[in-house]
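One file, final.cif, carrying mmCIF, N, CA and C atoms:
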data_upload
loop_
_atom_site.label_atom_id
_atom_site.label_comp_id
_atom_site.auth_asym_id
_atom_site.auth_seq_id
_atom_site.Cartn_x
_atom_site.Cartn_y
_atom_site.Cartn_z
N MET A 52 -65.82 -27.03 29.97
CA MET A 52 -66.04 -26.80 28.56
C MET A 52 -67.24 -25.89 28.38
N SER A 53 -67.15 -25.12 27.36
CA SER A 53 -68.23 -24.16 27.11
C SER A 53 -69.38 -24.83 26.36
N PRO A 54 -70.59 -24.30 26.50
CA PRO A 54 -71.75 -24.85 25.78
C PRO A 54 -71.55 -24.78 24.26
N THR A 55 -70.81 -23.79 23.76
CA THR A 55 -70.57 -23.67 22.33
C THR A 55 -69.75 -24.85 21.81
N PHE A 56 -68.76 -25.30 22.61
CA PHE A 56 -67.93 -26.43 22.21
C PHE A 56 -68.78 -27.69 22.08
N HIS A 57 -69.66 -27.94 23.07
CA HIS A 57 -70.52 -29.12 23.02
C HIS A 57 -71.48 -29.06 21.84
N SER A 58 -72.04 -27.92 21.58
CA SER A 58 -72.97 -27.76 20.44
C SER A 58 -72.25 -28.00 19.12
N SER A 59 -71.06 -27.46 18.99
CA SER A 59 -70.29 -27.64 17.75
C SER A 59 -69.90 -29.09 17.57
N SER A 60 -69.47 -29.74 18.63
CA SER A 60 -69.08 -31.15 18.56
C SER A 60 -70.27 -32.03 18.19
N PHE A 61 -71.41 -31.77 18.83
CA PHE A 61 -72.60 -32.52 18.52
C PHE A 61 -72.99 -32.36 17.05
N PHE A 62 -72.93 -31.14 16.56
CA PHE A 62 -73.28 -30.88 15.17
C PHE A 62 -72.36 -31.63 14.22
N ILE A 63 -71.06 -31.62 14.48
CA ILE A 63 -70.09 -32.30 13.61
C ILE A 63 -70.34 -33.81 13.62
N VAL A 64 -70.54 -34.38 14.80
CA VAL A 64 -70.82 -35.82 14.89
C VAL A 64 -72.11 -36.15 14.15
N PHE A 65 -73.16 -35.35 14.34
CA PHE A 65 -74.42 -35.57 13.64
C PHE A 65 -74.22 -35.51 12.13
N LEU A 66 -73.48 -34.53 11.66
CA LEU A 66 -73.24 -34.37 10.22
C LEU A 66 -72.49 -35.58 9.65
N VAL A 67 -71.46 -36.02 10.33
CA VAL A 67 -70.69 -37.19 9.86
C VAL A 67 -71.58 -38.43 9.83
N LEU A 68 -72.35 -38.66 10.88
CA LEU A 68 -73.24 -39.82 10.90
C LEU A 68 -74.29 -39.75 9.80
N HIS A 69 -74.80 -38.58 9.53
CA HIS A 69 -75.80 -38.40 8.47
C HIS A 69 -75.19 -38.74 7.10
N ILE A 70 -73.99 -38.25 6.85
CA ILE A 70 -73.34 -38.51 5.56
C ILE A 70 -73.04 -39.99 5.40
N ILE A 71 -72.55 -40.63 6.46
CA ILE A 71 -72.22 -42.05 6.39
C ILE A 71 -73.47 -42.91 6.19
N SER A 72 -74.56 -42.56 6.85
CA SER A 72 -75.76 -43.39 6.79
C SER A 72 -76.68 -43.08 5.62
N SER A 73 -76.40 -42.04 4.86
CA SER A 73 -77.26 -41.69 3.73
C SER A 73 -77.11 -42.73 2.63
N PRO A 74 -78.22 -43.20 2.08
CA PRO A 74 -78.13 -44.17 0.98
C PRO A 74 -77.52 -43.51 -0.25
N SER A 75 -76.79 -44.31 -1.01
CA SER A 75 -76.22 -43.75 -2.23
C SER A 75 -77.34 -43.51 -3.23
N SER A 76 -77.19 -42.48 -4.00
CA SER A 76 -78.23 -42.16 -4.95
C SER A 76 -77.87 -42.70 -6.33
N ALA A 77 -78.86 -43.04 -7.06
CA ALA A 77 -78.67 -43.57 -8.40
C ALA A 77 -78.79 -42.44 -9.42
N ASP A 78 -78.28 -42.70 -10.60
CA ASP A 78 -78.42 -41.77 -11.70
C ASP A 78 -79.64 -42.15 -12.53
N VAL A 79 -80.13 -41.21 -13.29
CA VAL A 79 -81.28 -41.45 -14.16
C VAL A 79 -80.83 -41.23 -15.59
N GLY A 80 -81.29 -42.10 -16.48
CA GLY A 80 -80.93 -41.99 -17.89
C GLY A 80 -81.94 -42.70 -18.75
N THR A 81 -81.52 -43.04 -19.95
CA THR A 81 -82.40 -43.74 -20.90
C THR A 81 -81.72 -45.02 -21.37
N ALA A 82 -82.54 -45.96 -21.79
CA ALA A 82 -82.00 -47.22 -22.32
C ALA A 82 -82.77 -47.62 -23.56
N ALA A 83 -82.02 -48.12 -24.51
CA ALA A 83 -82.57 -48.74 -25.71
C ALA A 83 -82.20 -50.22 -25.63
N ARG A 84 -82.50 -50.97 -26.66
CA ARG A 84 -82.12 -52.39 -26.70
C ARG A 84 -81.45 -52.70 -28.03
N TYR A 85 -80.68 -53.77 -28.02
CA TYR A 85 -80.10 -54.24 -29.27
C TYR A 85 -80.10 -55.75 -29.30
N SER A 86 -80.06 -56.29 -30.53
CA SER A 86 -80.21 -57.73 -30.76
C SER A 86 -78.92 -58.31 -31.32
N PRO A 87 -78.82 -59.65 -31.33
CA PRO A 87 -77.63 -60.28 -31.92
C PRO A 87 -77.49 -59.90 -33.39
N PRO A 88 -76.30 -59.94 -33.96
CA PRO A 88 -75.09 -60.49 -33.34
C PRO A 88 -74.46 -59.50 -32.37
N TYR A 89 -73.96 -60.04 -31.28
CA TYR A 89 -73.26 -59.24 -30.28
C TYR A 89 -71.76 -59.52 -30.41
N LEU A 90 -70.98 -58.49 -30.46
CA LEU A 90 -69.52 -58.62 -30.45
C LEU A 90 -68.98 -57.64 -29.44
N PRO A 91 -67.96 -57.85 -28.71
CA PRO A 91 -67.09 -59.02 -28.67
C PRO A 91 -67.83 -60.26 -28.17
N THR A 92 -67.11 -61.33 -27.98
CA THR A 92 -67.77 -62.61 -27.71
C THR A 92 -67.80 -63.03 -26.25
N GLN A 93 -67.26 -62.27 -25.33
CA GLN A 93 -67.27 -62.67 -23.92
C GLN A 93 -68.37 -61.91 -23.18
N PHE A 94 -69.40 -62.66 -22.79
CA PHE A 94 -70.55 -62.06 -22.12
C PHE A 94 -70.83 -62.80 -20.83
N PRO A 95 -71.50 -62.16 -19.89
CA PRO A 95 -71.92 -62.88 -18.69
C PRO A 95 -72.87 -64.02 -19.06
N SER A 96 -72.80 -65.11 -18.36
CA SER A 96 -73.65 -66.27 -18.68
C SER A 96 -75.13 -65.95 -18.56
N SER A 97 -75.47 -64.94 -17.79
CA SER A 97 -76.87 -64.54 -17.63
C SER A 97 -77.42 -63.83 -18.86
N ASN A 98 -76.54 -63.40 -19.76
CA ASN A 98 -76.89 -62.58 -20.93
C ASN A 98 -77.47 -61.22 -20.55
N LEU A 99 -77.19 -60.79 -19.33
CA LEU A 99 -77.60 -59.45 -18.88
C LEU A 99 -76.40 -58.52 -19.04
N PHE A 100 -76.30 -57.95 -20.23
CA PHE A 100 -75.17 -57.08 -20.54
C PHE A 100 -75.66 -55.89 -21.34
N ALA A 101 -74.76 -54.94 -21.57
CA ALA A 101 -75.15 -53.71 -22.27
C ALA A 101 -73.93 -53.08 -22.93
N ALA A 102 -74.24 -52.16 -23.84
CA ALA A 102 -73.23 -51.29 -24.44
C ALA A 102 -73.42 -49.91 -23.81
N ALA A 103 -72.31 -49.27 -23.50
CA ALA A 103 -72.36 -47.95 -22.85
C ALA A 103 -72.55 -46.84 -23.87
N GLY A 104 -73.42 -45.90 -23.53
CA GLY A 104 -73.57 -44.70 -24.35
C GLY A 104 -72.48 -43.70 -23.99
N ASP A 105 -72.45 -42.60 -24.73
CA ASP A 105 -71.41 -41.58 -24.52
C ASP A 105 -71.37 -41.06 -23.09
N GLY A 106 -72.52 -40.97 -22.42
CA GLY A 106 -72.58 -40.40 -21.08
C GLY A 106 -71.85 -41.19 -20.02
N ILE A 107 -71.69 -42.50 -20.21
CA ILE A 107 -70.99 -43.31 -19.21
C ILE A 107 -69.76 -44.04 -19.77
N TRP A 108 -69.50 -43.92 -21.06
CA TRP A 108 -68.40 -44.66 -21.68
C TRP A 108 -67.04 -44.32 -21.06
N ASP A 109 -66.80 -43.07 -20.75
CA ASP A 109 -65.60 -42.64 -20.04
C ASP A 109 -64.33 -43.11 -20.74
N ASN A 110 -64.27 -42.88 -22.06
CA ASN A 110 -63.09 -43.23 -22.87
C ASN A 110 -62.68 -44.69 -22.71
N GLY A 111 -63.66 -45.58 -22.56
CA GLY A 111 -63.41 -47.01 -22.45
C GLY A 111 -63.34 -47.54 -21.03
N ALA A 112 -63.26 -46.66 -20.05
CA ALA A 112 -63.16 -47.12 -18.66
C ALA A 112 -64.42 -47.84 -18.18
N ALA A 113 -65.55 -47.61 -18.85
CA ALA A 113 -66.81 -48.25 -18.44
C ALA A 113 -66.83 -49.74 -18.78
N CYS A 114 -66.00 -50.16 -19.71
CA CYS A 114 -66.01 -51.57 -20.13
C CYS A 114 -65.66 -52.46 -18.93
N GLY A 115 -66.54 -53.41 -18.64
CA GLY A 115 -66.36 -54.30 -17.50
C GLY A 115 -67.09 -53.85 -16.24
N ARG A 116 -67.51 -52.60 -16.20
CA ARG A 116 -68.27 -52.12 -15.04
C ARG A 116 -69.61 -52.83 -14.96
N GLN A 117 -70.12 -52.94 -13.74
CA GLN A 117 -71.44 -53.52 -13.54
C GLN A 117 -72.36 -52.46 -12.96
N TYR A 118 -73.59 -52.46 -13.43
CA TYR A 118 -74.59 -51.49 -12.98
C TYR A 118 -75.86 -52.22 -12.58
N LEU A 119 -76.49 -51.71 -11.55
CA LEU A 119 -77.82 -52.14 -11.16
C LEU A 119 -78.78 -51.22 -11.91
N VAL A 120 -79.70 -51.80 -12.68
CA VAL A 120 -80.57 -51.01 -13.56
C VAL A 120 -82.03 -51.40 -13.32
N ARG A 121 -82.89 -50.38 -13.31
CA ARG A 121 -84.33 -50.66 -13.26
C ARG A 121 -85.06 -49.65 -14.14
N CYS A 122 -86.15 -50.11 -14.72
CA CYS A 122 -87.00 -49.26 -15.55
C CYS A 122 -87.87 -48.42 -14.63
N ILE A 123 -87.91 -47.11 -14.88
CA ILE A 123 -88.74 -46.24 -14.04
C ILE A 123 -89.94 -45.65 -14.78
N SER A 124 -89.84 -45.56 -16.12
CA SER A 124 -90.98 -45.06 -16.88
C SER A 124 -90.72 -45.23 -18.38
N ALA A 125 -91.76 -45.04 -19.14
CA ALA A 125 -91.67 -45.10 -20.59
C ALA A 125 -92.83 -44.31 -21.17
N GLU A 126 -92.79 -44.09 -22.47
CA GLU A 126 -93.85 -43.33 -23.13
C GLU A 126 -95.19 -44.03 -22.98
N GLN A 127 -95.20 -45.35 -23.14
CA GLN A 127 -96.43 -46.12 -23.01
C GLN A 127 -96.62 -46.59 -21.57
N PRO A 128 -97.81 -46.45 -21.02
CA PRO A 128 -98.07 -46.93 -19.65
C PRO A 128 -97.84 -48.44 -19.54
N ARG A 129 -97.47 -48.88 -18.37
CA ARG A 129 -97.27 -50.30 -18.04
C ARG A 129 -96.17 -50.96 -18.87
N THR A 130 -95.21 -50.18 -19.33
CA THR A 130 -94.06 -50.75 -20.05
C THR A 130 -93.08 -51.38 -19.08
N CYS A 131 -92.84 -50.71 -17.95
CA CYS A 131 -91.88 -51.22 -16.97
C CYS A 131 -92.46 -52.40 -16.21
N ILE A 132 -91.61 -53.37 -15.91
CA ILE A 132 -92.00 -54.48 -15.08
C ILE A 132 -91.77 -54.04 -13.62
N PRO A 133 -92.83 -53.96 -12.83
CA PRO A 133 -92.72 -53.41 -11.47
C PRO A 133 -91.74 -54.19 -10.59
N ASP A 134 -91.01 -53.45 -9.77
CA ASP A 134 -90.10 -54.02 -8.76
C ASP A 134 -89.05 -54.96 -9.35
N GLN A 135 -88.66 -54.73 -10.59
CA GLN A 135 -87.67 -55.60 -11.23
C GLN A 135 -86.39 -54.81 -11.50
N SER A 136 -85.29 -55.26 -10.94
CA SER A 136 -83.97 -54.67 -11.18
C SER A 136 -83.05 -55.76 -11.70
N ILE A 137 -82.07 -55.36 -12.49
CA ILE A 137 -81.09 -56.31 -13.01
C ILE A 137 -79.69 -55.76 -12.80
N GLN A 138 -78.73 -56.66 -12.75
CA GLN A 138 -77.34 -56.24 -12.72
C GLN A 138 -76.76 -56.59 -14.09
N ILE A 139 -76.27 -55.56 -14.77
CA ILE A 139 -75.72 -55.75 -16.11
C ILE A 139 -74.22 -55.44 -16.10
N LYS A 140 -73.56 -55.97 -17.10
CA LYS A 140 -72.13 -55.71 -17.29
C LYS A 140 -71.95 -54.98 -18.61
N ILE A 141 -71.17 -53.91 -18.60
CA ILE A 141 -70.88 -53.18 -19.84
C ILE A 141 -69.82 -53.96 -20.62
N VAL A 142 -70.15 -54.32 -21.86
CA VAL A 142 -69.25 -55.12 -22.69
C VAL A 142 -68.83 -54.43 -23.98
N ASP A 143 -69.42 -53.26 -24.27
CA ASP A 143 -69.15 -52.63 -25.56
C ASP A 143 -69.49 -51.14 -25.48
N TYR A 144 -69.13 -50.44 -26.53
CA TYR A 144 -69.44 -49.02 -26.70
C TYR A 144 -70.59 -48.93 -27.69
N ALA A 145 -71.67 -48.30 -27.31
CA ALA A 145 -72.89 -48.26 -28.14
C ALA A 145 -72.64 -47.69 -29.53
N SER A 146 -71.79 -46.69 -29.64
CA SER A 146 -71.55 -46.06 -30.94
C SER A 146 -70.82 -46.97 -31.92
N SER A 147 -70.14 -47.99 -31.42
CA SER A 147 -69.41 -48.88 -32.33
C SER A 147 -69.94 -50.31 -32.31
N ALA A 148 -71.09 -50.54 -31.67
CA ALA A 148 -71.67 -51.88 -31.61
C ALA A 148 -72.05 -52.35 -33.01
N VAL A 149 -71.86 -53.64 -33.25
CA VAL A 149 -72.19 -54.23 -34.56
C VAL A 149 -73.68 -54.13 -34.86
N SER A 150 -74.50 -54.43 -33.86
CA SER A 150 -75.95 -54.36 -34.03
C SER A 150 -76.44 -52.95 -33.68
N PRO A 151 -77.30 -52.38 -34.51
CA PRO A 151 -77.80 -51.04 -34.20
C PRO A 151 -78.78 -51.07 -33.03
N PRO A 152 -78.76 -50.04 -32.18
CA PRO A 152 -79.72 -49.97 -31.08
C PRO A 152 -81.10 -49.58 -31.60
N SER A 153 -82.12 -49.86 -30.80
CA SER A 153 -83.48 -49.48 -31.17
C SER A 153 -83.64 -47.96 -31.23
N VAL A 154 -82.84 -47.24 -30.45
CA VAL A 154 -82.82 -45.77 -30.42
C VAL A 154 -81.38 -45.36 -30.16
N THR A 155 -80.90 -44.35 -30.87
CA THR A 155 -79.52 -43.89 -30.64
C THR A 155 -79.49 -42.78 -29.59
N GLY A 156 -78.31 -42.57 -29.02
CA GLY A 156 -78.11 -41.47 -28.08
C GLY A 156 -78.55 -41.75 -26.66
N THR A 157 -78.74 -43.02 -26.30
CA THR A 157 -79.18 -43.34 -24.95
C THR A 157 -77.98 -43.54 -24.01
N THR A 158 -78.26 -43.58 -22.73
CA THR A 158 -77.23 -43.79 -21.73
C THR A 158 -76.65 -45.19 -21.84
N ILE A 159 -77.54 -46.17 -21.98
CA ILE A 159 -77.17 -47.58 -22.04
C ILE A 159 -78.00 -48.26 -23.12
N VAL A 160 -77.38 -49.22 -23.82
CA VAL A 160 -78.11 -50.04 -24.78
C VAL A 160 -78.06 -51.47 -24.23
N LEU A 161 -79.21 -51.96 -23.80
CA LEU A 161 -79.30 -53.27 -23.16
C LEU A 161 -79.45 -54.40 -24.16
N SER A 162 -78.89 -55.56 -23.83
CA SER A 162 -79.14 -56.75 -24.64
C SER A 162 -80.64 -57.03 -24.62
N ASP A 163 -81.12 -57.78 -25.61
CA ASP A 163 -82.54 -58.12 -25.66
C ASP A 163 -83.02 -58.75 -24.35
N LYS A 164 -82.22 -59.68 -23.81
CA LYS A 164 -82.63 -60.37 -22.58
C LYS A 164 -82.68 -59.38 -21.41
N ALA A 165 -81.69 -58.51 -21.29
CA ALA A 165 -81.67 -57.53 -20.20
C ALA A 165 -82.87 -56.59 -20.30
N PHE A 166 -83.12 -56.08 -21.50
CA PHE A 166 -84.24 -55.17 -21.70
C PHE A 166 -85.56 -55.85 -21.35
N GLY A 167 -85.74 -57.07 -21.85
CA GLY A 167 -86.98 -57.80 -21.62
C GLY A 167 -87.20 -58.22 -20.18
N THR A 168 -86.15 -58.22 -19.38
CA THR A 168 -86.27 -58.56 -17.97
C THR A 168 -86.87 -57.42 -17.16
N ILE A 169 -86.66 -56.17 -17.61
CA ILE A 169 -87.17 -55.03 -16.84
C ILE A 169 -88.28 -54.25 -17.54
N ALA A 170 -88.52 -54.56 -18.84
CA ALA A 170 -89.54 -53.80 -19.59
C ALA A 170 -90.16 -54.65 -20.68
N ASN A 171 -91.32 -54.22 -21.12
CA ASN A 171 -92.00 -54.85 -22.24
C ASN A 171 -91.16 -54.66 -23.50
N THR A 172 -90.89 -55.72 -24.22
CA THR A 172 -90.00 -55.64 -25.39
C THR A 172 -90.62 -54.96 -26.60
N THR A 173 -91.89 -54.59 -26.53
CA THR A 173 -92.46 -53.82 -27.63
C THR A 173 -91.99 -52.37 -27.58
N ALA A 174 -91.46 -51.94 -26.45
CA ALA A 174 -90.94 -50.58 -26.32
C ALA A 174 -89.55 -50.49 -26.96
N ASN A 175 -89.21 -49.33 -27.45
CA ASN A 175 -87.89 -49.09 -28.01
C ASN A 175 -87.00 -48.29 -27.07
N LEU A 176 -87.62 -47.56 -26.15
CA LEU A 176 -86.90 -46.65 -25.28
C LEU A 176 -87.56 -46.62 -23.91
N ILE A 177 -86.75 -46.70 -22.85
CA ILE A 177 -87.26 -46.60 -21.49
C ILE A 177 -86.39 -45.62 -20.69
N ASN A 178 -86.97 -45.08 -19.65
CA ASN A 178 -86.22 -44.28 -18.70
C ASN A 178 -85.77 -45.21 -17.58
N ILE A 179 -84.52 -45.08 -17.19
CA ILE A 179 -83.96 -46.00 -16.20
C ILE A 179 -83.33 -45.26 -15.03
N GLU A 180 -83.21 -45.99 -13.96
CA GLU A 180 -82.41 -45.57 -12.83
C GLU A 180 -81.27 -46.59 -12.77
N PHE A 181 -80.04 -46.10 -12.62
CA PHE A 181 -78.90 -47.03 -12.61
C PHE A 181 -77.85 -46.56 -11.62
N GLN A 182 -77.14 -47.52 -11.07
CA GLN A 182 -76.02 -47.18 -10.18
C GLN A 182 -74.98 -48.28 -10.25
N GLN A 183 -73.75 -47.85 -10.09
CA GLN A 183 -72.64 -48.79 -10.17
C GLN A 183 -72.49 -49.50 -8.84
#
Using structure tokens, write down the structure from this file.
Amino acid sequence: MSPTFHSSSFFIVFLVLHIISSPSSADVGTAARYSPPYLPTQFPSSNLFAAAGDGIWDNGAACGRQYLVRCISAEQPRTCIPDQSIQIKIVDYASSAVSPPSVTGTTIVLSDKAFGTIANTTANLINIEFQQ
């Protein structure tokens, strides 16, 4: 076998292993919060749920999806609770939610409990990292 064949094979194997072992990357977006009343009525018992914004709603396909979410920054310092992540379930579409969000146009609108688990509840808007 020629040295070129071995070099090419090694490169392909290295590339495949690199792709397989690379950690999945999360998306970055914004989150607001909303308060009761929450509709529809089926929520996770943990009360860690959210309404999807236009960016992830996907014509209703987001309903039922679960996301790992963490606060990464906010306008006010020390808003995020360090090293705190939550798993939320999408239960509604933010644009049609009964309760208005603290800020419109966000990626996700978290329930009060979900928001308060990862950030100071005096904030209305946080920057988040999320992944399905």
* **Selected residue, from A:Gln138, A:Asn98, A:Thr157, A:Thr173, that lies nearest to Tyr118 (chain A) when counting all atoms listed in the file** => A:Gln138
* With only N, CA and C atoms as the atoms that count, which of A:Val142, A:Leu161, A:Leu90, A:Ala77 lies nearest to Gly115 (chain A)? -> A:Val142
* Asked: Using only C-alpha atoms, which residues sit within 7 Å of Ile177 (chain A) once same-chain residues fewer than 3 positions away are excluded, as a VMD selection string?
  -> chain A and resid 81 to 83 122 124 to 125
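Summary of the local environment: counting only C-alpha atoms, residues at most 9 Å from Thr172 (chain A), other than itself and those fewer than 2 positions away along its chain, are Arg84, Thr130, Asp163, Phe166, Gly167, Thr168, Ala170, Ala174 and Asn175 of chain A.
For the pair CA of Ile132 (chain A) and CA of Ser86 (chain A), the interatomic distance is 19.9 Å.
Taking CA of Lys140 (chain A) and CA of Phe100 (chain A) as endpoints, the distance between them is 4.7 Å.
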* Report the residues of chain A whose backbone DSSP state falls under helix (DSSP H, G or I), written as a PyMOL selection string. => chain A and resi 54-72+105-111+145-147+163-169
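The space between CA of Ile159 (chain A) and atom N of Asn171 (chain A) spans 15.7 Å.
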* Using all atoms listed in the file, which residues sit within 6 Å of Ser150 (chain A) once same-chain residues fewer than 6 positions away are excluded, as a list in words? -> Tyr85, Ser86, Pro87 and Pro88 of chain A
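Evaluated against this file, the PyMOL selection byres (((chain A and resi 111 and name CA) around 12) and name CA) yields Ala102, Ala103, Gly104, Asp105, Gly106, Ile107, Trp108, Asp109, Asn110, Ala112, Ala113, Cys114, Gly115, Arg116, Ile141, Val142, Asp143, Tyr144, Ala145, Ser146 and Ser147 of chain A.
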* Hits from the PyMOL selection byres ((chain A and resi 181) around 8), listed as a ChimeraX atom specification -> /A:76-80,118-122,178-180,182-183
If you keep N, CA and C atoms, can you produce a file of those selected residues as a PDB file, keeping the file's coordinate frame?
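After the write, part-v2.pdb holds the following:
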ATOM      1  N   SER A  76     -77.190 -42.480  -4.000  1.00  0.00           N
ATOM      2  CA  SER A  76     -78.230 -42.160  -4.950  1.00  0.00           C
ATOM      3  C   SER A  76     -77.870 -42.700  -6.330  1.00  0.00           C
ATOM      4  N   ALA A  77     -78.860 -43.040  -7.060  1.00  0.00           N
ATOM      5  CA  ALA A  77     -78.670 -43.570  -8.400  1.00  0.00           C
ATOM      6  C   ALA A  77     -78.790 -42.440  -9.420  1.00  0.00           C
ATOM      7  N   ASP A  78     -78.280 -42.700 -10.600  1.00  0.00           N
ATOM      8  CA  ASP A  78     -78.420 -41.770 -11.700  1.00  0.00           C
ATOM      9  C   ASP A  78     -79.640 -42.150 -12.530  1.00  0.00           C
ATOM     10  N   VAL A  79     -80.130 -41.210 -13.290  1.00  0.00           N
ATOM     11  CA  VAL A  79     -81.280 -41.450 -14.160  1.00  0.00           C
ATOM     12  C   VAL A  79     -80.830 -41.230 -15.590  1.00  0.00           C
ATOM     13  N   GLY A  80     -81.290 -42.100 -16.480  1.00  0.00           N
ATOM     14  CA  GLY A  80     -80.930 -41.990 -17.890  1.00  0.00           C
ATOM     15  C   GLY A  80     -81.940 -42.700 -18.750  1.00  0.00           C
ATOM     16  N   TYR A 118     -73.590 -52.460 -13.430  1.00  0.00           N
ATOM     17  CA  TYR A 118     -74.590 -51.490 -12.980  1.00  0.00           C
ATOM     18  C   TYR A 118     -75.860 -52.220 -12.580  1.00  0.00           C
ATOM     19  N   LEU A 119     -76.490 -51.710 -11.550  1.00  0.00           N
ATOM     20  CA  LEU A 119     -77.820 -52.140 -11.160  1.00  0.00           C
ATOM     21  C   LEU A 119     -78.780 -51.220 -11.910  1.00  0.00           C
ATOM     22  N   VAL A 120     -79.700 -51.800 -12.680  1.00  0.00           N
ATOM     23  CA  VAL A 120     -80.570 -51.010 -13.560  1.00  0.00           C
ATOM     24  C   VAL A 120     -82.030 -51.400 -13.320  1.00  0.00           C
ATOM     25  N   ARG A 121     -82.890 -50.380 -13.310  1.00  0.00           N
ATOM     26  CA  ARG A 121     -84.330 -50.660 -13.260  1.00  0.00           C
ATOM     27  C   ARG A 121     -85.060 -49.650 -14.140  1.00  0.00           C
ATOM     28  N   CYS A 122     -86.150 -50.110 -14.720  1.00  0.00           N
ATOM     29  CA  CYS A 122     -87.000 -49.260 -15.550  1.00  0.00           C
ATOM     30  C   CYS A 122     -87.870 -48.420 -14.630  1.00  0.00           C
ATOM     31  N   ASN A 178     -86.970 -45.080 -19.650  1.00  0.00           N
ATOM     32  CA  ASN A 178     -86.220 -44.280 -18.700  1.00  0.00           C
ATOM     33  C   ASN A 178     -85.770 -45.210 -17.580  1.00  0.00           C
ATOM     34  N   ILE A 179     -84.520 -45.080 -17.190  1.00  0.00           N
ATOM     35  CA  ILE A 179     -83.960 -46.000 -16.200  1.00  0.00           C
ATOM     36  C   ILE A 179     -83.330 -45.260 -15.030  1.00  0.00           C
ATOM     37  N   GLU A 180     -83.210 -45.990 -13.960  1.00  0.00           N
ATOM     38  CA  GLU A 180     -82.410 -45.570 -12.830  1.00  0.00           C
ATOM     39  C   GLU A 180     -81.270 -46.590 -12.770  1.00  0.00           C
ATOM     40  N   GLN A 182     -77.140 -47.520 -11.070  1.00  0.00           N
ATOM     41  CA  GLN A 182     -76.020 -47.180 -10.180  1.00  0.00           C
ATOM     42  C   GLN A 182     -74.980 -48.280 -10.250  1.00  0.00           C
ATOM     43  N   GLN A 183     -73.750 -47.850 -10.090  1.00  0.00           N
ATOM     44  CA  GLN A 183     -72.640 -48.790 -10.170  1.00  0.00           C
ATOM     45  C   GLN A 183     -72.490 -49.500  -8.840  1.00  0.00           C
TER      46      GLN A 183
END
* DSSP strand (DSSP E) selection over chain A, as a ChimeraX atom specification -> /A:78-85,100-103,117-124,136-144,159-162,177-182
* Asked: With distances taken over only N, CA and C atoms, which of A:Tyr89, A:Ile123, A:Cys131, A:Ala165 is nearest to Val149 (chain A)?
  -> A:Tyr89
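Using only N, CA and C atoms, the shortest contact distance between Val154 (chain A) and any of A:Ala101, A:Ile169, A:Ile137, A:Leu176 is found at A:Leu176.
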